[in-house]
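Source file structure_2.cif; content: mmCIF, C-alpha atoms.
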data_data
#
loop_
_atom_site.label_atom_id
_atom_site.label_comp_id
_atom_site.auth_asym_id
_atom_site.auth_seq_id
_atom_site.Cartn_x
_atom_site.Cartn_y
_atom_site.Cartn_z
CA MET A 11 122.48 -41.01 233.35
CA THR A 12 122.51 -37.94 231.15
CA LYS A 13 119.53 -36.31 229.52
CA ALA A 14 120.75 -37.66 226.19
CA ALA A 15 120.59 -41.22 227.45
CA LEU A 16 117.16 -40.69 228.96
CA ALA A 17 115.88 -39.17 225.74
CA ALA A 18 117.38 -42.03 223.77
CA LEU A 19 115.71 -44.50 226.05
CA ALA A 20 112.36 -42.84 225.52
CA LEU A 21 112.95 -43.07 221.80
CA ALA A 22 114.33 -46.58 221.82
CA THR A 23 111.44 -47.94 223.81
CA THR A 24 107.97 -47.69 222.44
CA ALA A 25 104.55 -47.72 224.02
CA THR A 26 104.69 -51.47 223.60
CA ALA A 27 108.20 -52.06 224.95
CA LEU A 28 108.36 -50.39 228.31
CA PRO A 29 111.61 -50.33 230.30
CA LEU A 30 110.08 -52.31 233.12
CA ALA A 31 110.34 -55.81 234.48
CA ALA A 32 108.57 -58.32 232.23
CA GLN A 33 105.95 -58.98 234.86
CA GLN A 34 105.03 -55.30 234.85
CA LEU A 35 104.52 -55.15 231.09
CA LYS A 36 100.97 -54.61 229.95
CA PRO A 37 99.33 -57.56 228.15
CA GLU A 38 99.42 -55.84 224.74
CA ALA A 39 103.14 -55.08 225.21
CA GLN A 40 103.80 -58.72 226.06
CA ILE A 41 101.89 -59.88 222.98
CA HIS A 42 103.85 -57.47 220.80
CA LEU A 43 107.17 -58.64 222.26
CA ARG A 44 106.41 -62.34 221.93
CA GLN A 45 105.35 -61.83 218.32
CA SER A 46 108.50 -59.80 217.65
CA THR A 47 110.56 -62.59 219.20
CA MET A 48 108.85 -65.31 217.17
CA ALA A 49 109.22 -63.27 213.95
CA LEU A 50 112.98 -62.99 214.52
CA ILE A 51 113.33 -66.66 215.44
CA GLY A 52 111.41 -67.43 212.23
CA TYR A 53 113.63 -65.15 210.16
CA ASN A 54 116.88 -66.60 211.46
CA PHE A 55 115.75 -70.23 211.59
CA GLY A 56 114.36 -69.74 208.09
CA ILE A 57 117.86 -68.89 206.87
CA LEU A 58 119.27 -72.06 208.47
CA ALA A 59 116.42 -74.21 207.15
CA ALA A 60 116.87 -72.83 203.62
CA MET A 61 120.56 -73.81 203.78
CA ALA A 62 119.65 -77.23 205.23
CA GLN A 63 117.21 -77.77 202.35
CA ASP A 64 119.80 -76.68 199.78
CA LYS A 65 117.47 -73.85 198.78
CA ARG A 66 120.11 -71.32 199.65
CA PRO A 67 123.88 -71.75 199.33
CA TYR A 68 125.56 -72.73 202.58
CA ASP A 69 127.45 -69.72 203.97
CA LYS A 70 129.32 -70.53 207.18
CA ALA A 71 129.49 -66.97 208.49
CA GLU A 72 125.80 -66.28 207.86
CA ALA A 73 124.82 -69.69 209.26
CA GLU A 74 126.79 -69.02 212.44
CA ARG A 75 125.34 -65.53 212.77
CA ALA A 76 121.78 -66.79 212.38
CA ALA A 77 122.42 -69.75 214.71
CA GLU A 78 124.00 -67.61 217.43
CA ILE A 79 121.12 -65.19 217.88
CA ILE A 80 118.46 -67.90 218.17
CA PRO A 81 119.27 -69.18 221.70
CA HIS A 82 119.20 -65.57 222.96
CA LEU A 83 115.80 -65.06 221.35
CA ALA A 84 114.50 -68.43 222.54
CA ALA A 85 115.07 -67.39 226.16
CA LEU A 86 112.50 -64.61 225.81
CA PRO A 87 109.02 -65.78 224.81
CA GLY A 88 108.40 -67.50 228.17
CA ARG A 89 108.32 -64.01 229.71
CA PHE A 90 105.51 -62.80 227.51
CA PHE A 91 102.66 -65.23 228.16
CA GLY A 92 101.58 -63.58 231.41
CA GLU A 93 98.13 -63.11 232.84
CA GLY A 94 95.79 -61.23 230.53
CA THR A 95 97.71 -62.10 227.34
CA GLU A 96 95.31 -64.86 226.28
CA SER A 97 93.55 -62.49 223.94
CA GLY A 98 93.97 -59.02 222.51
CA GLY A 99 95.93 -57.97 219.46
CA HIS A 100 95.86 -60.64 216.77
CA THR A 101 97.38 -63.40 218.82
CA LYS A 102 97.55 -66.93 217.43
CA ALA A 103 98.35 -68.31 220.88
CA LYS A 104 95.70 -70.87 221.79
CA PRO A 105 93.89 -70.69 225.16
CA GLU A 106 95.26 -74.21 225.82
CA ILE A 107 98.59 -72.58 226.74
CA TRP A 108 97.17 -71.19 229.97
CA LYS A 109 95.26 -74.40 230.72
CA ASN A 110 98.41 -76.52 230.30
CA MET A 111 101.12 -74.09 231.37
CA ASP A 112 103.38 -76.85 232.74
CA ASP A 113 103.30 -78.76 229.46
CA PHE A 114 103.77 -75.54 227.49
CA LYS A 115 106.83 -74.63 229.55
CA LYS A 116 108.20 -78.15 229.13
CA LYS A 117 107.90 -77.85 225.34
CA LEU A 118 109.45 -74.38 225.43
CA GLU A 119 112.36 -75.79 227.42
CA HIS A 120 112.79 -78.64 224.94
CA MET A 121 112.99 -76.10 222.13
CA GLN A 122 115.56 -74.08 224.10
CA ASN A 123 117.67 -77.21 224.54
CA GLU A 124 117.56 -77.93 220.81
CA VAL A 125 118.40 -74.38 219.68
CA ALA A 126 121.29 -74.30 222.15
CA MET A 127 123.00 -76.80 219.83
CA LEU A 128 122.56 -74.73 216.66
CA PRO A 129 125.60 -72.43 217.04
CA LYS A 130 128.07 -75.33 217.14
CA ALA A 131 126.18 -77.24 214.43
CA ALA A 132 126.18 -74.25 212.08
CA GLY A 133 129.88 -74.64 211.32
CA ASP A 134 129.30 -77.78 209.26
CA LEU A 135 126.44 -78.26 206.78
CA ALA A 136 125.84 -81.98 207.46
CA THR A 137 125.66 -81.35 211.22
CA LEU A 138 123.48 -78.29 210.64
CA LYS A 139 121.00 -80.33 208.60
CA LYS A 140 120.55 -82.77 211.47
CA GLN A 141 120.18 -80.06 214.08
CA VAL A 142 117.75 -78.02 211.96
CA ASP A 143 115.67 -81.18 211.70
CA GLU A 144 115.67 -81.81 215.46
CA THR A 145 114.93 -78.16 216.16
CA GLY A 146 112.11 -78.15 213.61
CA LYS A 147 110.50 -81.08 215.40
CA ALA A 148 110.66 -79.17 218.70
CA CYS A 149 109.04 -76.11 217.09
CA LYS A 150 106.33 -78.22 215.49
CA SER A 151 105.56 -80.15 218.67
CA CYS A 152 104.67 -76.91 220.47
CA HIS A 153 103.00 -75.15 217.52
CA ASP A 154 100.77 -78.17 216.82
CA ASP A 155 99.25 -77.92 220.29
CA TYR A 156 99.46 -74.25 221.09
CA LYS A 157 99.48 -72.10 217.95
CA ALA A 158 96.39 -71.47 215.84
CA LYS A 159 96.74 -71.90 212.08
CA MET B 2 115.11 -82.46 205.94
CA THR B 3 112.09 -84.36 207.16
CA LYS B 4 108.47 -83.41 206.65
CA ALA B 5 108.32 -82.49 210.34
CA ALA B 6 111.08 -79.94 209.92
CA LEU B 7 109.49 -78.50 206.80
CA ALA B 8 106.14 -78.21 208.53
CA ALA B 9 107.79 -76.58 211.53
CA LEU B 10 109.51 -74.12 209.26
CA ALA B 11 106.21 -73.20 207.65
CA LEU B 12 104.79 -72.65 211.11
CA ALA B 13 107.80 -70.85 212.49
CA THR B 14 107.96 -68.42 209.64
CA THR B 15 105.04 -66.17 208.92
CA ALA B 16 103.85 -64.37 205.86
CA THR B 17 106.06 -61.53 207.01
CA ALA B 18 109.20 -63.53 207.80
CA LEU B 19 109.95 -65.60 204.75
CA PRO B 20 112.84 -68.08 204.76
CA LEU B 21 114.63 -66.22 202.01
CA ALA B 22 117.66 -64.03 201.71
CA ALA B 23 117.04 -60.59 203.18
CA GLN B 24 117.21 -58.96 199.79
CA GLN B 25 114.37 -61.16 198.60
CA LEU B 26 112.06 -60.21 201.46
CA LYS B 27 109.05 -58.17 200.49
CA PRO B 28 108.99 -54.58 201.75
CA GLU B 29 106.23 -55.25 204.31
CA ALA B 30 108.21 -58.23 205.65
CA GLN B 31 111.30 -56.05 206.02
CA ILE B 32 109.31 -53.36 207.84
CA HIS B 33 107.85 -55.97 210.19
CA LEU B 34 111.28 -57.45 210.90
CA ARG B 35 112.96 -54.11 211.52
CA GLN B 36 110.17 -53.12 213.90
CA SER B 37 110.45 -56.48 215.66
CA THR B 38 114.19 -55.95 215.98
CA MET B 39 113.82 -52.42 217.36
CA ALA B 40 111.13 -53.55 219.81
CA LEU B 41 113.47 -56.21 221.21
CA ILE B 42 116.43 -53.83 221.36
CA GLY B 43 114.14 -51.42 223.20
CA TYR B 44 112.97 -54.10 225.62
CA ASN B 45 116.46 -55.29 226.48
CA PHE B 46 118.11 -51.87 226.51
CA GLY B 47 115.19 -50.67 228.64
CA ILE B 48 116.12 -53.24 231.28
CA LEU B 49 119.74 -52.05 231.30
CA ALA B 50 118.71 -48.39 231.37
CA ALA B 51 116.31 -48.99 234.27
CA MET B 52 119.20 -50.57 236.23
CA ALA B 53 121.51 -47.73 235.23
CA GLN B 54 118.94 -45.21 236.49
CA ASP B 55 118.47 -47.13 239.75
CA LYS B 56 114.82 -47.63 238.82
CA ARG B 57 115.24 -51.37 238.95
CA PRO B 58 117.61 -53.31 241.23
CA TYR B 59 120.87 -54.27 239.57
CA ASP B 60 120.83 -58.00 238.78
CA LYS B 61 124.09 -59.19 237.22
CA ALA B 62 122.64 -62.27 235.49
CA GLU B 63 119.71 -60.37 234.00
CA ALA B 64 121.95 -57.45 233.01
CA GLU B 65 124.32 -59.81 231.23
CA ARG B 66 121.47 -61.63 229.51
CA ALA B 67 119.96 -58.36 228.26
CA ALA B 68 123.37 -57.00 227.23
CA GLU B 69 124.37 -60.14 225.35
CA ILE B 70 121.40 -60.27 223.02
CA ILE B 71 121.65 -56.62 221.95
CA PRO B 72 124.73 -56.88 219.68
CA HIS B 73 123.10 -59.82 217.87
CA LEU B 74 119.94 -57.77 217.36
CA ALA B 75 121.86 -54.65 216.36
CA ALA B 76 123.41 -56.51 213.45
CA LEU B 77 119.98 -56.95 211.86
CA PRO B 78 118.13 -53.70 211.14
CA GLY B 79 120.55 -52.68 208.38
CA ARG B 80 119.14 -55.58 206.35
CA PHE B 81 115.60 -54.30 206.51
CA PHE B 82 115.74 -50.82 204.98
CA GLY B 83 115.75 -52.03 201.39
CA GLU B 84 114.13 -50.55 198.32
CA GLY B 85 110.40 -50.05 198.70
CA THR B 86 110.44 -49.95 202.50
CA GLU B 87 110.19 -46.15 202.73
CA SER B 88 106.48 -46.40 203.31
CA GLY B 89 103.86 -49.01 204.01
CA GLY B 90 102.78 -50.40 207.36
CA HIS B 91 103.04 -47.81 210.09
CA THR B 92 106.71 -47.06 209.71
CA LYS B 93 108.28 -44.21 211.65
CA ALA B 94 111.37 -44.36 209.46
CA LYS B 95 111.87 -40.95 207.86
CA PRO B 96 112.41 -40.63 204.08
CA GLU B 97 115.74 -38.96 204.95
CA ILE B 98 117.19 -42.44 205.56
CA TRP B 99 117.14 -43.26 201.85
CA LYS B 100 118.38 -39.79 200.89
CA ASN B 101 121.35 -40.07 203.27
CA MET B 102 121.98 -43.81 203.29
CA ASP B 103 125.75 -43.40 203.85
CA ASP B 104 125.19 -41.24 206.92
CA PHE B 105 122.46 -43.58 208.17
CA LYS B 106 124.77 -46.58 207.83
CA LYS B 107 127.55 -44.69 209.60
CA LYS B 108 125.25 -43.97 212.55
CA LEU B 109 124.06 -47.58 212.58
CA GLU B 110 127.67 -48.73 212.68
CA HIS B 111 128.43 -46.32 215.53
CA MET B 112 125.51 -47.81 217.47
CA GLN B 113 126.80 -51.34 216.73
CA ASN B 114 130.22 -50.37 218.09
CA GLU B 115 128.70 -49.01 221.30
CA VAL B 116 126.41 -51.98 221.95
CA ALA B 117 129.34 -54.34 221.36
CA MET B 118 130.71 -53.05 224.67
CA LEU B 119 127.55 -53.70 226.67
CA PRO B 120 128.12 -57.42 227.45
CA LYS B 121 131.43 -56.77 229.21
CA ALA B 122 130.10 -53.62 230.90
CA ALA B 123 127.04 -55.41 232.26
CA GLY B 124 129.09 -57.27 234.87
CA ASP B 125 129.64 -54.12 236.92
CA LEU B 126 126.98 -51.47 237.62
CA ALA B 127 129.28 -48.42 237.49
CA THR B 128 130.70 -49.54 234.13
CA LEU B 129 127.22 -50.39 232.89
CA LYS B 130 125.97 -46.88 233.74
CA LYS B 131 128.71 -45.34 231.59
CA GLN B 132 128.13 -47.68 228.67
CA VAL B 133 124.34 -47.29 228.80
CA ASP B 134 124.95 -43.55 228.59
CA GLU B 135 127.26 -43.83 225.57
CA THR B 136 124.90 -46.27 223.88
CA GLY B 137 121.93 -44.03 224.56
CA LYS B 138 123.71 -41.16 222.82
CA ALA B 139 124.31 -43.34 219.76
CA CYS B 140 120.62 -44.34 219.66
CA LYS B 141 119.51 -40.73 220.04
CA SER B 142 121.88 -39.43 217.37
CA CYS B 143 120.25 -41.69 214.77
CA HIS B 144 116.66 -41.40 216.02
CA ASP B 145 116.86 -37.58 216.06
CA ASP B 146 117.58 -37.52 212.35
CA TYR B 147 115.84 -40.59 211.04
CA LYS B 148 112.89 -41.61 213.24
CA ALA B 149 109.60 -39.74 213.29
CA LYS B 150 108.16 -38.88 216.71
#
Please, can you express the file's structure as C-alpha coordinates?
Amino acid sequence: MTKAALAALALATTATALPLAAQQLKPEAQIHLRQSTMALIGYNFGILAAMAQDKRPYDKAEAERAAEIIPHLAALPGRFFGEGTESGGHTKAKPEIWKNMDDFKKKLEHMQNEVAMLPKAAGDLATLKKQVDETGKACKSCHDDYKAK
Amino acid sequence: MTKAALAALALATTATALPLAAQQLKPEAQIHLRQSTMALIGYNFGILAAMAQDKRPYDKAEAERAAEIIPHLAALPGRFFGEGTESGGHTKAKPEIWKNMDDFKKKLEHMQNEVAMLPKAAGDLATLKKQVDETGKACKSCHDDYKAK
(Lines of atoms letter the chains of each structure in order from A and count residues from 1; the text may use other names and numbers.)
(Lines give C-alpha, C1' and ligand atoms only; values in the text may rest on other atoms or scores of the structure.)
Protein backbone atom coordinates (compact mmCIF):
# COMPACT_ATOMS: atom_id res chain seq x y z
CA MET A 1 0.00 0.00 0.00
CA THR A 2 1.53 3.28 -1.07
CA LYS A 3 1.42 6.55 0.82
CA ALA A 4 -1.05 7.83 -1.77
CA ALA A 5 -3.47 5.04 -1.00
CA LEU A 6 -3.10 5.53 2.74
CA ALA A 7 -3.68 9.25 2.39
CA ALA A 8 -6.69 8.60 0.20
CA LEU A 9 -8.05 6.22 2.77
CA ALA A 10 -7.70 8.82 5.48
CA LEU A 11 -9.56 11.25 3.26
CA ALA A 12 -12.19 8.81 2.10
CA THR A 13 -13.04 7.71 5.59
CA THR A 14 -14.31 10.23 8.06
CA ALA A 15 -14.37 10.37 11.82
CA THR A 16 -17.69 8.62 11.56
CA ALA A 17 -16.72 5.92 9.05
CA LEU A 18 -13.64 4.24 10.43
CA PRO A 19 -11.87 1.52 8.43
CA LEU A 20 -12.53 -1.06 11.11
CA ALA A 21 -14.77 -4.06 11.55
CA ALA A 22 -18.38 -3.04 12.14
CA GLN A 23 -18.28 -4.33 15.67
CA GLN A 24 -15.39 -1.98 16.44
CA LEU A 25 -17.20 1.11 15.17
CA LYS A 26 -18.13 3.64 17.81
CA PRO A 27 -21.87 4.04 18.49
CA GLU A 28 -22.06 7.47 16.83
CA ALA A 29 -20.32 6.07 13.73
CA GLN A 30 -22.82 3.22 13.58
CA ILE A 31 -25.74 5.65 13.89
CA HIS A 32 -24.31 7.81 11.12
CA LEU A 33 -23.81 4.79 8.85
CA ARG A 34 -27.27 3.34 9.43
CA GLN A 35 -28.84 6.73 8.72
CA SER A 36 -26.71 7.08 5.58
CA THR A 37 -27.83 3.62 4.49
CA MET A 38 -31.51 4.35 5.13
CA ALA A 39 -31.26 7.70 3.31
CA LEU A 40 -29.87 5.96 0.22
CA ILE A 41 -32.44 3.16 0.37
CA GLY A 42 -35.09 5.90 0.64
CA TYR A 43 -33.65 7.80 -2.31
CA ASN A 44 -33.48 4.78 -4.59
CA PHE A 45 -36.75 3.17 -3.47
CA GLY A 46 -38.35 6.59 -3.83
CA ILE A 47 -37.41 6.59 -7.52
CA LEU A 48 -38.98 3.14 -8.00
CA ALA A 49 -42.09 4.09 -6.03
CA ALA A 50 -42.54 7.29 -8.06
CA MET A 51 -42.43 5.20 -11.26
CA ALA A 52 -44.81 2.64 -9.74
CA GLN A 53 -47.24 5.46 -8.87
CA ASP A 54 -46.95 6.94 -12.36
CA LYS A 55 -45.60 10.12 -10.78
CA ARG A 56 -42.43 9.80 -12.77
CA PRO A 57 -42.06 8.33 -16.27
CA TYR A 58 -40.92 4.73 -16.27
CA ASP A 59 -37.28 4.56 -17.36
CA LYS A 60 -35.96 1.00 -17.56
CA ALA A 61 -32.28 1.87 -17.17
CA GLU A 62 -32.88 4.15 -14.18
CA ALA A 63 -35.31 1.66 -12.62
CA GLU A 64 -32.74 -1.12 -12.93
CA ARG A 65 -29.97 1.07 -11.54
CA ALA A 66 -32.06 2.08 -8.53
CA ALA A 67 -33.26 -1.51 -8.00
CA GLU A 68 -29.78 -3.01 -8.20
CA ILE A 69 -28.19 -0.92 -5.46
CA ILE A 70 -30.96 -1.55 -2.92
CA PRO A 71 -30.13 -5.19 -2.03
CA HIS A 72 -26.50 -4.17 -1.44
CA LEU A 73 -27.65 -1.36 0.85
CA ALA A 74 -30.21 -3.55 2.60
CA ALA A 75 -27.44 -5.92 3.72
CA LEU A 76 -25.88 -3.16 5.81
CA PRO A 77 -28.16 -1.68 8.47
CA GLY A 78 -28.12 -4.87 10.57
CA ARG A 79 -24.45 -4.12 11.29
CA PHE A 80 -25.16 -0.72 12.78
CA PHE A 81 -27.56 -1.40 15.65
CA GLY A 82 -24.85 -2.51 18.07
CA GLU A 83 -24.56 -1.98 21.78
CA GLY A 84 -24.65 1.67 22.78
CA THR A 85 -26.47 2.84 19.63
CA GLU A 86 -29.88 3.08 21.33
CA SER A 87 -29.42 6.79 21.79
CA GLY A 88 -27.09 9.56 20.72
CA GLY A 89 -27.23 11.64 17.57
CA HIS A 90 -30.80 12.23 16.45
CA THR A 91 -31.78 8.63 16.07
CA LYS A 92 -35.38 7.70 15.34
CA ALA A 93 -34.69 4.07 16.22
CA LYS A 94 -37.03 3.05 19.03
CA PRO A 95 -35.67 1.34 22.17
CA GLU A 96 -37.99 -1.59 21.30
CA ILE A 97 -35.39 -2.70 18.74
CA TRP A 98 -32.99 -3.81 21.45
CA LYS A 99 -35.78 -5.35 23.54
CA ASN A 100 -37.04 -7.41 20.58
CA MET A 101 -33.83 -7.96 18.61
CA ASP A 102 -34.96 -11.35 17.27
CA ASP A 103 -38.19 -9.90 15.88
CA PHE A 104 -36.31 -6.87 14.51
CA LYS A 105 -33.83 -9.13 12.71
CA LYS A 106 -36.69 -11.24 11.35
CA LYS A 107 -38.34 -8.13 9.88
CA LEU A 108 -35.01 -6.94 8.50
CA GLU A 109 -34.55 -10.32 6.83
CA HIS A 110 -38.06 -10.17 5.37
CA MET A 111 -37.23 -6.77 3.87
CA GLN A 112 -33.97 -8.17 2.45
CA ASN A 113 -35.91 -11.00 0.81
CA GLU A 114 -38.34 -8.56 -0.78
CA VAL A 115 -35.71 -6.14 -2.09
CA ALA A 116 -33.76 -9.07 -3.54
CA MET A 117 -36.60 -9.35 -6.08
CA LEU A 118 -36.49 -5.70 -7.16
CA PRO A 119 -33.66 -5.94 -9.73
CA LYS A 120 -35.47 -8.53 -11.84
CA ALA A 121 -38.84 -6.79 -11.37
CA ALA A 122 -37.46 -3.43 -12.47
CA GLY A 123 -37.29 -4.52 -16.11
CA ASP A 124 -41.07 -4.44 -16.49
CA LEU A 125 -43.35 -1.73 -15.06
CA ALA A 126 -46.29 -4.00 -14.17
CA THR A 127 -43.98 -6.40 -12.29
CA LEU A 128 -42.19 -3.47 -10.67
CA LYS A 129 -45.48 -2.08 -9.36
CA LYS A 130 -46.25 -5.36 -7.62
CA GLN A 131 -42.78 -5.71 -6.14
CA VAL A 132 -42.67 -2.08 -4.97
CA ASP A 133 -45.94 -2.77 -3.19
CA GLU A 134 -44.65 -5.91 -1.47
CA THR A 135 -41.41 -4.18 -0.54
CA GLY A 136 -43.29 -1.18 0.80
CA LYS A 137 -45.27 -3.46 3.10
CA ALA A 138 -42.03 -4.96 4.43
CA CYS A 139 -40.60 -1.48 5.10
CA LYS A 140 -43.79 -0.35 6.81
CA SER A 141 -44.06 -3.46 8.97
CA CYS A 142 -40.67 -2.72 10.53
CA HIS A 143 -40.99 1.08 10.66
CA ASP A 144 -44.41 0.85 12.36
CA ASP A 145 -42.87 -1.01 15.29
CA TYR A 146 -39.34 0.28 15.41
CA LYS A 147 -39.04 3.78 13.93
CA ALA A 148 -40.25 6.90 15.71
CA LYS A 149 -42.36 9.35 13.70
CA MET B 1 -49.95 1.07 -5.29
CA THR B 2 -51.66 0.32 -2.02
CA LYS B 3 -51.94 2.62 0.95
CA ALA B 4 -49.42 0.42 2.75
CA ALA B 5 -46.83 1.02 0.07
CA LEU B 6 -47.50 4.75 0.04
CA ALA B 7 -47.20 4.92 3.81
CA ALA B 8 -43.99 2.91 3.68
CA LEU B 9 -42.61 5.26 1.08
CA ALA B 10 -43.39 8.25 3.27
CA LEU B 11 -41.58 6.51 6.10
CA ALA B 12 -38.69 5.27 4.02
CA THR B 13 -37.99 8.65 2.55
CA THR B 14 -37.12 11.53 4.79
CA ALA B 15 -37.37 15.25 4.42
CA THR B 16 -33.89 15.06 2.94
CA ALA B 17 -34.46 12.16 0.53
CA LEU B 18 -37.51 13.03 -1.49
CA PRO B 19 -38.92 10.57 -4.03
CA LEU B 20 -38.27 12.92 -6.90
CA ALA B 21 -35.86 13.14 -9.76
CA ALA B 22 -32.39 14.14 -8.59
CA GLN B 23 -32.62 17.48 -10.32
CA GLN B 24 -35.71 18.29 -8.30
CA LEU B 25 -34.07 17.57 -4.95
CA LYS B 26 -33.52 20.57 -2.74
CA PRO B 27 -29.89 21.58 -2.17
CA GLU B 28 -29.87 20.39 1.46
CA ALA B 29 -31.27 17.01 0.36
CA GLN B 30 -28.53 16.70 -2.26
CA ILE B 31 -25.85 17.56 0.31
CA HIS B 32 -27.25 14.97 2.71
CA LEU B 33 -27.35 12.31 0.00
CA ARG B 34 -23.84 12.99 -1.27
CA GLN B 35 -22.50 12.83 2.29
CA SER B 36 -24.42 9.60 2.89
CA THR B 37 -22.94 8.18 -0.30
CA MET B 38 -19.39 9.19 0.61
CA ALA B 39 -19.78 7.80 4.14
CA LEU B 40 -20.80 4.41 2.73
CA ILE B 41 -18.03 4.43 0.12
CA GLY B 42 -15.63 5.25 2.97
CA TYR B 43 -17.00 2.45 5.14
CA ASN B 44 -16.77 -0.19 2.45
CA PHE B 45 -13.48 0.98 0.94
CA GLY B 46 -12.13 1.17 4.49
CA ILE B 47 -12.80 -2.55 4.91
CA LEU B 48 -10.94 -3.33 1.68
CA ALA B 49 -8.06 -1.02 2.58
CA ALA B 50 -7.72 -2.57 6.04
CA MET B 51 -7.43 -6.01 4.38
CA ALA B 52 -4.98 -4.63 1.82
CA GLN B 53 -2.84 -3.22 4.65
CA ASP B 54 -3.00 -6.50 6.58
CA LYS B 55 -4.72 -4.65 9.42
CA ARG B 56 -7.71 -6.92 9.15
CA PRO B 57 -7.69 -10.59 8.11
CA TYR B 58 -8.54 -11.14 4.46
CA ASP B 59 -12.07 -12.55 4.20
CA LYS B 60 -13.07 -13.30 0.61
CA ALA B 61 -16.84 -13.09 1.15
CA GLU B 62 -16.65 -9.81 3.06
CA ALA B 63 -14.14 -8.37 0.56
CA GLU B 64 -16.44 -9.25 -2.32
CA ARG B 65 -19.47 -7.82 -0.54
CA ALA B 66 -17.68 -4.54 0.19
CA ALA B 67 -16.24 -4.38 -3.33
CA GLU B 68 -19.56 -5.05 -5.03
CA ILE B 69 -21.49 -2.21 -3.45
CA ILE B 70 -18.88 0.45 -4.21
CA PRO B 71 -19.48 0.80 -7.98
CA HIS B 72 -23.21 1.21 -7.31
CA LEU B 73 -22.47 3.93 -4.76
CA ALA B 74 -19.87 5.60 -6.97
CA ALA B 75 -22.49 6.17 -9.65
CA LEU B 76 -24.43 8.46 -7.32
CA PRO B 77 -22.47 11.47 -6.05
CA GLY B 78 -22.38 13.13 -9.47
CA ARG B 79 -26.14 13.64 -9.09
CA PHE B 80 -25.81 15.60 -5.89
CA PHE B 81 -23.58 18.55 -6.77
CA GLY B 82 -26.35 20.58 -8.39
CA GLU B 83 -26.96 24.30 -8.36
CA GLY B 84 -27.23 25.75 -4.88
CA THR B 85 -25.29 22.94 -3.19
CA GLU B 86 -22.04 24.91 -2.92
CA SER B 87 -22.84 25.80 0.65
CA GLY B 88 -25.31 24.90 3.35
CA GLY B 89 -25.11 22.07 5.85
CA HIS B 90 -21.55 21.32 6.82
CA THR B 91 -20.23 20.58 3.37
CA LYS B 92 -16.52 20.04 2.82
CA ALA B 93 -17.00 20.39 -0.93
CA LYS B 94 -14.78 23.23 -2.15
CA PRO B 95 -16.22 26.00 -4.36
CA GLU B 96 -13.61 24.96 -6.96
CA ILE B 97 -15.91 22.06 -7.92
CA TRP B 98 -18.41 24.41 -9.54
CA LYS B 99 -15.66 26.51 -11.14
CA ASN B 100 -14.05 23.42 -12.69
CA MET B 101 -17.04 21.14 -13.19
CA ASP B 102 -15.54 19.48 -16.30
CA ASP B 103 -12.37 18.56 -14.43
CA PHE B 104 -14.37 17.43 -11.40
CA LYS B 105 -16.53 15.17 -13.57
CA LYS B 106 -13.42 13.78 -15.27
CA LYS B 107 -11.92 12.86 -11.88
CA LEU B 108 -15.23 11.36 -10.76
CA GLU B 109 -15.31 9.26 -13.91
CA HIS B 110 -11.72 8.13 -13.33
CA MET B 111 -12.72 7.02 -9.82
CA GLN B 112 -15.74 5.17 -11.25
CA ASN B 113 -13.47 3.34 -13.70
CA GLU B 114 -11.13 2.27 -10.90
CA VAL B 115 -13.85 1.08 -8.52
CA ALA B 116 -15.44 -0.89 -11.36
CA MET B 117 -12.43 -3.21 -11.10
CA LEU B 118 -12.75 -3.82 -7.35
CA PRO B 119 -15.37 -6.62 -7.45
CA LYS B 120 -13.19 -8.88 -9.61
CA ALA B 121 -10.03 -7.93 -7.71
CA ALA B 122 -11.59 -8.71 -4.33
CA GLY B 123 -11.42 -12.45 -4.94
CA ASP B 124 -7.64 -12.51 -4.55
CA LEU B 125 -5.69 -10.58 -1.90
CA ALA B 126 -2.65 -9.73 -4.05
CA THR B 127 -4.88 -8.39 -6.83
CA LEU B 128 -7.02 -6.55 -4.28
CA LYS B 129 -3.94 -4.81 -2.83
CA LYS B 130 -3.04 -3.45 -6.28
CA GLN B 131 -6.57 -2.30 -7.05
CA VAL B 132 -7.06 -0.70 -3.63
CA ASP B 133 -3.87 1.23 -4.32
CA GLU B 134 -5.02 2.43 -7.75
CA THR B 135 -8.46 3.30 -6.39
CA GLY B 136 -6.93 5.16 -3.46
CA LYS B 137 -4.94 7.30 -5.88
CA ALA B 138 -8.12 8.18 -7.78
CA CYS B 139 -9.87 9.16 -4.52
CA LYS B 140 -6.90 11.26 -3.41
CA SER B 141 -6.55 13.02 -6.76
CA CYS B 142 -10.09 14.38 -6.46
CA HIS B 143 -10.09 15.01 -2.70
CA ASP B 144 -6.79 16.96 -2.91
CA ASP B 145 -8.38 19.48 -5.25
CA TYR B 146 -12.01 19.49 -4.25
CA LYS B 147 -12.49 18.45 -0.60
CA ALA B 148 -11.66 20.70 2.32
CA LYS B 149 -9.61 19.17 5.15
Practice problem: Kindly give the distance, in Å, that separates atom CA of Ile98 of chain B and atom CA of Lys131 of chain B, rounded to a single decimal. | Solution: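 Pair atom CA of Ile98 of chain B / atom CA of Lys131 of chain B returns 28.6 Å.
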Quiz item: Rounded to one decimal in Å, what is the spacing between atom CA of Asn54 of chain A and atom CA of Tyr44 of chain B?
Solution: 19.3 Å
Practice problem: Could you tell me which residues the PyMOL selection byres ((chain B and resi 99-113) around 12) grabs in this file, written as JSON, numbers by chain? | Solution: {"A": [18], "B": [42, 71, 72, 73, 74, 75, 76, 77, 78, 79, 80, 82, 83, 84, 85, 86, 87, 88, 94, 95, 96, 97, 98, 114, 115, 116, 117, 118, 119, 132, 133, 134, 135, 136, 137, 138, 139, 140, 141, 142, 143, 144, 145, 146, 147, 148]}
Practice problem: Please provide as a ChimeraX atom specification all residues within 10 Å of Asp134 of chain A, with the sequence filter that same-chain residues fewer than 5 positions apart are discarded (counting all atoms listed in the file). | Solution: /A:68-70,73-74,139
Quiz item: atom CA of Gly90 of chain B to atom CA of Ile70 of chain B: how many Å, to one decimal?
Solution: 26.3 Å
Practice problem: In the coordinate frame of the file, compute which residues have an atom within 9 Å of (99.9, -58.4, 220.6) when using all atoms listed in the file, and state them as a PyMOL selection string. | Solution: chain A and resi 26+37-45+95+97-101
Quiz item: In terms of the shortest atom-to-atom distance over all atoms listed in the file, which of B:Lys27, B:Thr38, B:Leu129, B:Gly47 is closest to chain A?
Solution: B:Gly47
